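Text of model.txt, listed as compact mmCIF, C-alpha atoms:
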```txt
# COMPACT_ATOMS: atom_id res chain seq x y z
CA MET A 422 0.00 0.00 0.00
CA LYS A 423 1.32 3.43 -0.95
CA ILE A 424 1.37 6.43 1.39
CA GLY A 425 0.75 9.78 -0.25
CA THR A 426 -0.09 13.34 0.63
CA CYS A 427 -2.55 15.96 -0.58
CA ILE A 428 -1.02 18.86 -2.48
CA ARG A 429 -2.93 22.12 -2.49
CA GLY A 430 -4.18 23.59 -5.74
CA ASN A 431 -2.78 27.01 -4.92
CA HIS A 432 0.65 25.62 -3.93
CA ILE A 433 0.99 22.75 -6.38
CA PHE A 434 4.68 22.76 -7.18
CA GLU A 435 5.85 23.84 -3.73
CA ASP A 436 3.85 20.99 -2.19
CA LEU A 437 4.88 18.52 -4.90
CA GLU A 438 8.56 19.24 -4.40
CA ASN A 439 8.14 18.85 -0.64
CA ALA A 440 6.30 15.55 -1.11
CA ILE A 441 9.15 14.21 -3.24
CA LYS A 442 11.78 15.35 -0.71
CA LEU A 443 9.88 13.84 2.22
CA GLY A 444 9.66 10.49 0.44
CA PHE A 445 5.93 10.14 -0.20
CA ASP A 446 4.95 7.51 -2.76
CA THR A 447 2.09 9.41 -4.34
CA VAL A 448 0.14 12.68 -4.27
CA GLU A 449 -3.46 13.77 -4.66
CA LEU A 450 -4.26 17.14 -6.19
CA TYR A 451 -6.54 19.06 -3.82
CA PHE A 452 -8.66 22.00 -5.01
CA ASN A 453 -11.10 23.92 -2.84
CA GLU A 454 -14.26 24.99 -4.75
CA THR A 455 -12.63 25.69 -8.13
CA LEU A 456 -9.73 24.87 -10.43
CA GLY A 457 -9.21 28.59 -10.90
CA GLY A 458 -8.86 28.36 -14.67
CA LEU A 459 -6.01 25.81 -14.66
CA ASP A 460 -5.19 24.09 -17.92
CA LEU A 461 -5.02 20.43 -16.86
CA ASP A 462 -3.11 19.34 -19.95
CA GLU A 463 -0.37 21.88 -19.27
CA LEU A 464 -0.42 21.14 -15.55
CA SER A 465 0.03 17.40 -16.11
CA LYS A 466 3.10 18.02 -18.27
CA LYS A 467 4.68 20.32 -15.69
CA MET A 468 3.96 17.91 -12.86
CA LYS A 469 5.50 15.00 -14.76
CA SER A 470 8.59 17.12 -15.38
CA THR A 471 8.86 17.97 -11.69
CA ILE A 472 8.31 14.34 -10.66
CA GLY A 473 11.02 13.18 -13.05
CA ASP A 474 12.44 9.79 -12.08
CA SER A 475 11.42 10.04 -8.41
CA GLY A 476 8.78 7.34 -8.84
CA VAL A 477 6.02 9.49 -7.30
CA THR A 478 2.60 8.89 -8.83
CA ILE A 479 -0.63 10.92 -8.85
CA SER A 480 -3.43 9.04 -7.11
CA GLY A 481 -6.30 11.38 -7.84
CA ILE A 482 -7.75 14.82 -8.44
CA GLY A 483 -9.85 16.27 -5.65
CA LEU A 484 -12.23 19.14 -6.42
CA TYR A 485 -14.23 19.87 -3.29
CA CYS A 486 -17.13 21.97 -4.54
CA ASN A 487 -20.93 22.06 -4.45
CA PRO A 488 -22.08 20.48 -7.72
CA LEU A 489 -25.74 20.74 -6.72
CA ALA A 490 -25.58 24.53 -6.55
CA SER A 491 -23.20 25.54 -9.34
CA GLU A 492 -23.03 24.84 -13.06
CA GLN A 493 -19.39 25.93 -12.97
CA ALA A 494 -18.68 23.27 -10.35
CA ARG A 495 -20.36 20.63 -12.51
CA ALA A 496 -18.44 21.78 -15.58
CA GLU A 497 -15.13 21.67 -13.72
CA LEU A 498 -15.88 18.17 -12.41
CA ARG A 499 -16.59 17.07 -15.99
CA TYR A 500 -13.30 18.64 -17.04
CA CYS A 501 -11.44 16.74 -14.30
CA MET A 502 -13.05 13.44 -15.23
CA GLU A 503 -12.34 13.85 -18.92
CA ASN A 504 -8.68 14.69 -18.25
CA ALA A 505 -7.82 12.42 -15.31
CA HIS A 506 -5.99 10.05 -17.66
CA LEU A 507 -3.39 12.77 -18.29
CA PHE A 508 -2.29 12.32 -14.67
CA GLY A 509 -2.34 8.52 -14.75
CA THR A 510 -5.31 8.28 -12.38
CA ASP A 511 -8.92 7.14 -12.55
CA PHE A 512 -10.08 8.78 -9.31
CA ILE A 513 -11.93 12.05 -8.73
CA GLY A 514 -12.72 13.17 -5.18
CA THR A 515 -15.47 15.69 -4.49
CA PHE A 516 -18.42 16.59 -2.27
CA ALA A 517 -21.96 15.34 -2.81
CA GLY A 518 -23.12 18.94 -2.76
CA ALA A 519 -26.21 20.26 -1.00
CA VAL A 520 -29.10 22.63 -1.33
CA SER A 521 -27.57 25.00 1.19
CA GLY A 522 -29.58 25.46 4.35
CA LYS A 523 -31.95 22.63 3.48
CA SER A 524 -31.98 19.14 4.95
CA VAL A 525 -30.27 16.07 3.54
CA ASP A 526 -33.72 14.77 2.56
CA ASP A 527 -34.55 18.00 0.71
CA SER A 528 -31.25 17.85 -1.21
CA MET A 529 -31.66 14.25 -2.34
CA PRO A 530 -33.76 14.85 -5.50
CA GLU A 531 -31.18 17.32 -6.80
CA PHE A 532 -28.37 14.92 -5.86
CA LYS A 533 -30.04 12.19 -7.92
CA LYS A 534 -30.42 14.49 -10.92
CA VAL A 535 -26.88 15.89 -10.86
CA PHE A 536 -24.95 12.75 -9.96
CA SER A 537 -26.84 10.54 -12.38
CA GLU A 538 -25.36 12.73 -15.11
CA LEU A 539 -21.90 12.92 -13.48
CA VAL A 540 -21.84 9.12 -13.20
CA ARG A 541 -22.63 8.82 -16.91
CA ILE A 542 -19.61 11.03 -17.62
CA ALA A 543 -17.51 8.97 -15.22
CA GLU A 544 -18.48 5.81 -17.08
CA SER A 545 -17.58 7.28 -20.47
CA SER A 546 -14.29 8.65 -19.07
CA ASN A 547 -13.47 5.41 -17.22
CA VAL A 548 -13.08 7.12 -13.84
CA ARG A 549 -14.53 6.71 -10.36
CA ILE A 550 -16.05 9.44 -8.18
CA GLY A 551 -15.46 9.35 -4.42
CA ILE A 552 -17.55 11.50 -2.06
CA GLU A 553 -15.39 13.00 0.69
CA ASN A 554 -17.15 12.66 4.04
CA ALA A 555 -16.67 16.13 5.57
CA HIS A 556 -19.80 17.72 7.05
CA MET A 557 -18.45 21.22 6.34
CA TYR A 558 -20.13 22.68 9.45
CA GLY A 559 -23.50 21.44 8.29
CA HIS A 560 -25.90 18.94 9.84
CA TRP A 561 -28.84 16.82 8.72
CA TYR A 562 -31.43 19.60 8.94
CA GLY A 563 -29.20 22.43 7.70
CA THR A 564 -26.56 21.39 5.17
CA THR A 565 -23.89 23.63 3.65
CA CYS A 566 -22.14 22.05 0.65
CA ASN A 567 -21.95 18.31 1.32
CA ILE A 568 -24.73 15.93 2.26
CA GLY A 569 -22.36 12.94 2.06
CA PHE A 570 -21.05 13.06 5.62
CA CYS A 571 -22.75 10.16 7.42
CA PRO A 572 -23.89 6.56 6.82
CA ARG A 573 -27.62 7.31 6.67
CA ALA A 574 -26.98 9.82 3.88
CA TRP A 575 -24.73 7.33 2.07
CA GLU A 576 -27.47 4.70 2.14
CA MET A 577 -29.86 7.19 0.53
CA MET A 578 -27.30 8.49 -1.99
CA PHE A 579 -26.30 5.06 -3.26
CA GLN A 580 -29.90 3.98 -3.48
CA GLU A 581 -30.72 7.03 -5.62
CA VAL A 582 -27.59 6.64 -7.81
CA ASP A 583 -26.64 2.97 -7.91
CA SER A 584 -23.34 2.72 -9.76
CA ASP A 585 -19.96 1.08 -9.27
CA ARG A 586 -18.49 4.41 -10.41
CA LEU A 587 -19.77 6.23 -7.31
CA GLY A 588 -18.27 5.61 -3.89
CA LEU A 589 -16.54 7.26 -0.95
CA GLU A 590 -13.34 9.12 -0.24
CA TRP A 591 -13.19 8.16 3.40
CA GLU A 592 -11.30 9.40 6.43
CA PRO A 593 -11.87 8.62 10.11
CA ALA A 594 -11.56 12.20 11.40
CA HIS A 595 -15.01 13.26 10.23
CA GLN A 596 -16.52 10.14 11.74
CA VAL A 597 -14.75 10.50 15.08
CA GLY A 598 -16.27 13.99 15.27
CA GLN A 599 -19.73 12.43 14.86
CA LEU A 600 -19.01 9.93 17.66
CA ILE A 601 -19.03 7.11 15.09
CA ASN A 602 -16.71 4.12 15.45
CA PRO A 603 -14.52 4.41 12.34
CA ILE A 604 -13.27 0.82 12.58
CA GLN A 605 -16.76 -0.65 12.50
CA GLN A 606 -17.73 1.78 9.75
CA LEU A 607 -14.76 0.77 7.63
CA ASN A 608 -15.75 -2.88 7.94
CA ASP A 609 -19.31 -2.04 6.91
CA TRP A 610 -18.49 0.26 4.00
CA LEU A 611 -15.20 -1.06 2.59
CA PRO A 612 -16.65 -2.12 -0.80
CA LYS A 613 -17.68 1.50 -1.44
CA ILE A 614 -14.40 3.10 -0.34
CA PHE A 615 -12.37 4.21 -3.36
CA HIS A 616 -9.78 6.39 -1.62
CA VAL A 617 -8.60 7.08 1.94
CA HIS A 618 -7.48 10.37 3.43
CA GLY A 619 -4.88 10.12 6.19
CA LYS A 620 -6.36 12.41 8.84
CA ASP A 621 -7.37 11.61 12.39
CA ALA A 622 -9.08 13.43 15.26
CA GLN A 623 -8.96 13.72 19.04
CA LEU A 624 -12.14 13.97 21.10
CA ASP A 625 -12.17 16.02 24.29
CA LYS A 626 -14.24 13.44 26.16
CA LYS A 627 -14.28 15.29 29.48
CA HIS A 628 -15.63 18.39 27.76
CA ILE A 629 -18.30 16.30 26.03
CA GLU A 630 -19.30 14.68 29.31
CA LYS A 631 -19.79 18.13 30.82
CA TYR A 632 -21.26 20.13 27.92
CA GLY A 633 -22.35 17.64 25.27
CA ILE A 634 -21.67 18.32 21.60
CA TRP A 635 -24.22 21.06 20.73
CA PHE A 636 -22.67 23.91 22.63
CA GLY A 637 -21.02 26.04 19.95
CA GLU A 638 -17.44 25.08 20.78
CA SER A 639 -14.92 22.68 19.34
CA TYR A 640 -14.87 19.31 21.08
CA CYS A 641 -12.92 17.54 18.33
CA LYS A 642 -9.47 18.47 16.99
CA HIS A 643 -8.28 17.10 13.67
CA CYS A 644 -4.69 15.89 13.52
CA PHE A 645 -2.17 13.74 11.69
CA PRO A 646 -2.44 9.95 11.85
CA GLY A 647 -0.67 8.70 14.95
CA ARG A 648 -1.87 11.61 17.08
CA GLY A 649 -5.58 10.87 17.22
CA ASP A 650 -8.07 8.38 18.60
CA THR A 651 -8.07 5.93 15.67
CA ASP A 652 -6.19 2.63 15.45
CA TRP A 653 -4.46 2.94 12.07
CA LYS A 654 -2.92 -0.52 12.33
CA GLU A 655 -6.45 -1.88 12.38
CA ILE A 656 -7.48 0.40 9.51
CA ILE A 657 -4.61 -0.88 7.38
CA HIS A 658 -5.41 -4.47 8.39
CA ILE A 659 -9.03 -4.06 7.24
CA LEU A 660 -8.01 -2.34 4.00
CA GLN A 661 -5.46 -4.98 3.08
CA GLN A 662 -7.66 -7.94 4.08
CA GLY A 663 -10.48 -6.41 2.04
CA GLY A 664 -8.36 -6.08 -1.10
CA TYR A 665 -8.15 -2.28 -1.11
CA GLN A 666 -5.89 -1.27 -4.00
CA GLY A 667 -5.54 2.46 -3.34
CA ASP A 668 -3.28 4.58 -1.19
CA ILE A 669 -3.65 6.57 2.01
CA ALA A 670 -3.16 10.27 1.25
CA VAL A 671 -2.14 12.31 4.29
CA GLU A 672 -4.36 15.39 4.50
CA GLY A 673 -2.28 18.06 6.22
CA TYR A 674 -2.85 21.62 7.37
CA HIS A 675 -5.26 20.65 10.17
CA ASP A 676 -3.02 19.66 13.08
CA SER A 677 -2.90 22.26 15.89
CA VAL A 678 0.66 21.34 16.92
CA TYR A 679 2.34 20.41 13.63
CA CYS A 680 1.28 23.49 11.71
CA GLY A 681 2.93 26.59 10.26
CA GLU A 682 6.70 26.06 10.31
CA ARG A 683 6.16 22.55 11.72
CA GLU A 684 3.75 21.39 9.00
CA LEU A 685 6.30 19.36 7.04
CA GLU A 686 7.64 17.86 10.27
CA GLY A 687 4.13 16.62 10.99
CA GLN A 688 3.71 15.22 7.48
CA LYS A 689 7.01 13.37 7.77
CA LEU A 690 6.00 11.89 11.12
CA ALA A 691 2.65 10.82 9.68
CA LEU A 692 4.40 9.16 6.72
CA GLU A 693 6.77 7.27 9.03
CA TYR A 694 3.94 6.25 11.36
CA LEU A 695 1.74 4.89 8.57
CA ARG A 696 4.65 2.97 7.06
CA LYS A 697 5.33 1.39 10.46
CA CYS A 698 1.67 0.37 10.60
CA ILE A 699 1.96 -1.24 7.16
CA LEU A 700 5.17 -3.03 8.16
CA SER A 701 3.52 -4.31 11.34
CA GLU A 702 0.55 -5.64 9.37
CA THR A 703 2.81 -7.26 6.75
CA THR A 704 4.90 -8.91 9.48
CA ALA A 705 1.74 -10.23 11.15
CA GLN A 706 0.51 -11.68 7.86
CA ARG A 707 3.84 -13.47 7.34
CA ARG A 708 3.67 -14.94 10.84
CA ASP A 709 0.19 -16.24 10.09
CA LEU A 710 1.53 -18.04 7.02
CA LEU A 711 4.26 -19.86 8.95
```

Show the structure stored in the file as structure tokens.
Amino acid sequence: MKIGTCIRGNHIFEDLENAIKLGFDTVELYFNETLGGLDLDELSKKMKSTIGDSGVTISGIGLYCNPLASEQARAELRYCMENAHLFGTDFIGTFAGAVSGKSVDDSMPEFKKVFSELVRIAESSNVRIGIENAHMYGHWYGTTCNIGFCPRAWEMMFQEVDSDRLGLEWEPAHQVGQLINPIQQLNDWLPKIFHVHGKDAQLDKKHIEKYGIWFGESYCKHCFPGRGDTDWKEIIHILQQGGYQGDIAVEGYHDSVYCGERELEGQKLALEYLRKCILSETTAQRRDLL
């Protein structure tokens, strides 16, 4: 299993060069809301030149927008799908979108309409679409830009648009914040998981016991793998036993300690930690064979 990192759309070559220096195996392009007019053909050529003979691959293109609310977002997703092959990938990460301020239920008809068409484009372009599971400060009765943040919504989404081209871009951090057991969830949803983000979270359990979770303050801090509440050895065990063929892409720029000047230190530690988890799982598998 490869360990990668997300490289920001507004710092592509700085982040790419850092990823190569740190020793990551792969990278995922990560755009917030828009591509900003980028020419993907030209970008792919420049990235390949920068990558050179390092062996780094590109695992996907992430465009985290609201395709239910914006024709531009839908057009840019189509553009990404039609040009993913230039980067040697078949994966597009995005949000499920939302009718902002409305409930998940109210957004579902528009989701069916928009993603039925996006899936048709995915099929013709031979790519897969993974819904990233961030709630984006929304909730069931008042969404913002992504209804695809919890299992009940996933059940509805995949019933409305039933396709092997539509799945999840999963990470435990967003589930920890919803008090969901990410290990059990991974077991339940593994067949639909196309890509994994390497980000974890820490719950302030004492604060929750005192104030609950609906009190207008943060009770959950996102962090690098190895610093949160999730057992990544078990995650890797489940992924490998389930035949997962993708990578884990570290999603940085969220850790409260390893941030700013310490960001790359945190990414390096996350890379080393995840590789140790893989080595531990591989060693355990070999012991089982003896």

Requested in this report: Starting from the point (-18.7, 10.4, -3.9), work out which residues of protein, DNA or RNA have an atom no more than 8 Å away when counting only C-alpha atoms; state them as a PyMOL selection string.
Outcome: chain A and resi 514-517+550-553+569+587-590

Could you take the residues named above and write them with C-alpha atoms, as an mmCIF file, in the frame of the given file?
```
data_model
loop_
_atom_site.group_PDB
_atom_site.id
_atom_site.type_symbol
_atom_site.label_atom_id
_atom_site.label_comp_id
_atom_site.auth_asym_id
_atom_site.auth_seq_id
_atom_site.Cartn_x
_atom_site.Cartn_y
_atom_site.Cartn_z
ATOM 1 C CA GLY A 514 -12.720 13.170 -5.180
ATOM 2 C CA THR A 515 -15.470 15.690 -4.490
ATOM 3 C CA PHE A 516 -18.420 16.590 -2.270
ATOM 4 C CA ALA A 517 -21.960 15.340 -2.810
ATOM 5 C CA ILE A 550 -16.050 9.440 -8.180
ATOM 6 C CA GLY A 551 -15.460 9.350 -4.420
ATOM 7 C CA ILE A 552 -17.550 11.500 -2.060
ATOM 8 C CA GLU A 553 -15.390 13.000 0.690
ATOM 9 C CA GLY A 569 -22.360 12.940 2.060
ATOM 10 C CA LEU A 587 -19.770 6.230 -7.310
ATOM 11 C CA GLY A 588 -18.270 5.610 -3.890
ATOM 12 C CA LEU A 589 -16.540 7.260 -0.950
ATOM 13 C CA GLU A 590 -13.340 9.120 -0.240
#
```

Residues of stretch 629-694 of chain A that have any atom at most 10 Å from an atom of stretch 476-487 of chain A: could you tabulate them with the shortest-distance atom pair and the distance in Å to one decimal, using only C-alpha atoms, ordered by chain and increasing number, as a Markdown table?
```
| residue | atom | partner | partner_atom | distance |
| --- | --- | --- | --- | --- |
| A:Gly667 | CA | A:Ser480 | CA | 7.9 |
| A:Asp668 | CA | A:Ser480 | CA | 7.4 |
| A:Ile669 | CA | A:Ser480 | CA | 9.5 |
| A:Ala670 | CA | A:Ser480 | CA | 8.5 |
```

Keeping C-alpha atoms, export the residues of the selection given above as a PDB file, in the frame of the given file.
```pdb
ATOM      1  CA  GLY A 667      -5.540   2.460  -3.340  1.00  0.00           C
ATOM      2  CA  ASP A 668      -3.280   4.580  -1.190  1.00  0.00           C
ATOM      3  CA  ILE A 669      -3.650   6.570   2.010  1.00  0.00           C
ATOM      4  CA  ALA A 670      -3.160  10.270   1.250  1.00  0.00           C
TER       5      ALA A 670
END
```

Exercise for review: Write out as number ranges by chain which residues come within 12 Å of A:Ile699 when counting only C-alpha atoms, dropping same-chain ones fewer than 5 positions away.
Suggested key: A: 422-424, 653-661, 668-669, 692-694, 704-706

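The gap separating atom CA of A:Phe445 from atom CA of A:Gly509 is 16.8 Å, in Å to one decimal.
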
message = Give me the residues near A:Val535 as a ChimeraX atom specification, where near means some atom within 12 Å (using all atoms listed in the file) and where sequence neighbours in that chain fewer than 2 positions away do not count.
response = /A:487-492,494-496,498-499,517-520,528-533,537-542,578,581-582

Among A:Lys689, A:His595, A:Arg648, A:Arg573, A:Tyr558 is approached most closely, using only C-alpha atoms, by A:His595

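If you look at atom CA of A:Ala691 and atom CA of A:Lys620, they are 9.2 Å away from each other.
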
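Across A:Ile634, A:Leu685, A:Cys427, A:Cys566, the tightest approach to A:Gly598 is made by A:Ile634 when counting all atoms listed in the file.
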
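Here atom CA of A:Lys613 and atom CA of A:Trp591 stand 9.4 Å from one another.
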
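With only C-alpha atoms as the atoms that count, the minimum distance from A:Gln596 to the choices A:Gln623, A:Ser584, A:Asn504, A:Thr564 is reached by A:Gln623.
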
Shell of 6 Å around stretch 428-430 of chain A, only C-alpha atoms, local chain residues under 2 positions omitted, as a CSV table (one decimal) with C-alpha atoms, keeping the file's coordinate frame:
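The new file selection_18.csv reads:
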```
chain,number,residue,atom,x,y,z
A,432,HIS,CA,0.6,25.6,-3.9
A,433,ILE,CA,1.0,22.8,-6.4
A,436,ASP,CA,3.8,21.0,-2.2
A,450,LEU,CA,-4.3,17.1,-6.2
A,451,TYR,CA,-6.5,19.1,-3.8
A,452,PHE,CA,-8.7,22.0,-5.0
```

| query | Near A:Asp526, counting all atoms listed in the file, which residues have an atom at most 9 Å away, once you skip same-chain residues fewer than 4 positions from it, shown as a list in words? | reply | Pro530, Trp561, Tyr562, Ala574 and Met577 of chain A

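Using all atoms listed in the file for every distance, the candidate list A:Asp527, A:Glu592, A:Asp676, A:Glu630 yields A:Asp527 as the residue closest to A:Gly563.
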
request  = Could you give me, as a PyMOL selection string, the residues within 10 Å of A:Ile441, counting all atoms listed in the file and dropping anything in the same chain fewer than 2 positions from it?
outcome  = chain A and resi 425+436-439+443-448+471-472+475-477

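Distances here use only C-alpha atoms; by that measure, the residue among A:Gly522, A:Met468, A:Leu456, A:Gln605 closest to A:Ile568 is A:Gly522.
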
Starting from the incomplete input, reconstruct N, CA and C atoms of stretch 644-663 of chain A and report them as a tab-separated table (two decimals), keeping the file's coordinate frame.
```
chain	number	residue	atom	x	y	z
A	644	CYS	N	-6.14	16.02	13.36
A	644	CYS	CA	-4.69	15.89	13.52
A	644	CYS	C	-4.14	14.85	12.55
A	645	PHE	N	-2.83	14.75	12.53
A	645	PHE	CA	-2.17	13.74	11.69
A	645	PHE	C	-2.40	12.33	12.25
A	646	PRO	N	-2.40	11.33	11.37
A	646	PRO	CA	-2.44	9.95	11.85
A	646	PRO	C	-1.31	9.69	12.85
A	647	GLY	N	-1.64	8.95	13.89
A	647	GLY	CA	-0.67	8.70	14.95
A	647	GLY	C	-0.83	9.60	16.14
A	648	ARG	N	-1.66	10.66	16.00
A	648	ARG	CA	-1.87	11.61	17.08
A	648	ARG	C	-3.34	11.69	17.50
A	649	GLY	N	-4.16	10.82	16.93
A	649	GLY	CA	-5.58	10.87	17.22
A	649	GLY	C	-6.10	9.63	17.92
A	650	ASP	N	-7.40	9.44	17.86
A	650	ASP	CA	-8.07	8.38	18.60
A	650	ASP	C	-8.22	7.08	17.80
A	651	THR	N	-7.81	7.07	16.55
A	651	THR	CA	-8.07	5.93	15.67
A	651	THR	C	-6.89	4.97	15.62
A	652	ASP	N	-7.19	3.69	15.57
A	652	ASP	CA	-6.19	2.63	15.45
A	652	ASP	C	-5.87	2.41	13.98
A	653	TRP	N	-4.80	3.03	13.50
A	653	TRP	CA	-4.46	2.94	12.07
A	653	TRP	C	-3.91	1.58	11.69
A	654	LYS	N	-3.34	0.85	12.65
A	654	LYS	CA	-2.92	-0.52	12.33
A	654	LYS	C	-4.14	-1.35	11.96
A	655	GLU	N	-5.23	-1.14	12.68
A	655	GLU	CA	-6.45	-1.88	12.38
A	655	GLU	C	-7.06	-1.40	11.06
A	656	ILE	N	-6.99	-0.10	10.79
A	656	ILE	CA	-7.48	0.40	9.51
A	656	ILE	C	-6.73	-0.26	8.36
A	657	ILE	N	-5.42	-0.29	8.45
A	657	ILE	CA	-4.61	-0.88	7.38
A	657	ILE	C	-4.88	-2.38	7.27
A	658	HIS	N	-5.07	-3.04	8.41
A	658	HIS	CA	-5.41	-4.47	8.39
A	658	HIS	C	-6.71	-4.70	7.61
A	659	ILE	N	-7.73	-3.91	7.91
A	659	ILE	CA	-9.03	-4.06	7.24
A	659	ILE	C	-8.90	-3.76	5.75
A	660	LEU	N	-8.19	-2.70	5.41
A	660	LEU	CA	-8.01	-2.34	4.00
A	660	LEU	C	-7.30	-3.45	3.23
A	661	GLN	N	-6.22	-3.96	3.79
A	661	GLN	CA	-5.46	-4.98	3.08
A	661	GLN	C	-6.23	-6.30	3.00
A	662	GLN	N	-6.89	-6.70	4.09
A	662	GLN	CA	-7.66	-7.94	4.08
A	662	GLN	C	-8.83	-7.83	3.11
A	663	GLY	N	-9.34	-6.62	2.93
A	663	GLY	CA	-10.48	-6.41	2.04
A	663	GLY	C	-10.11	-6.18	0.60
```
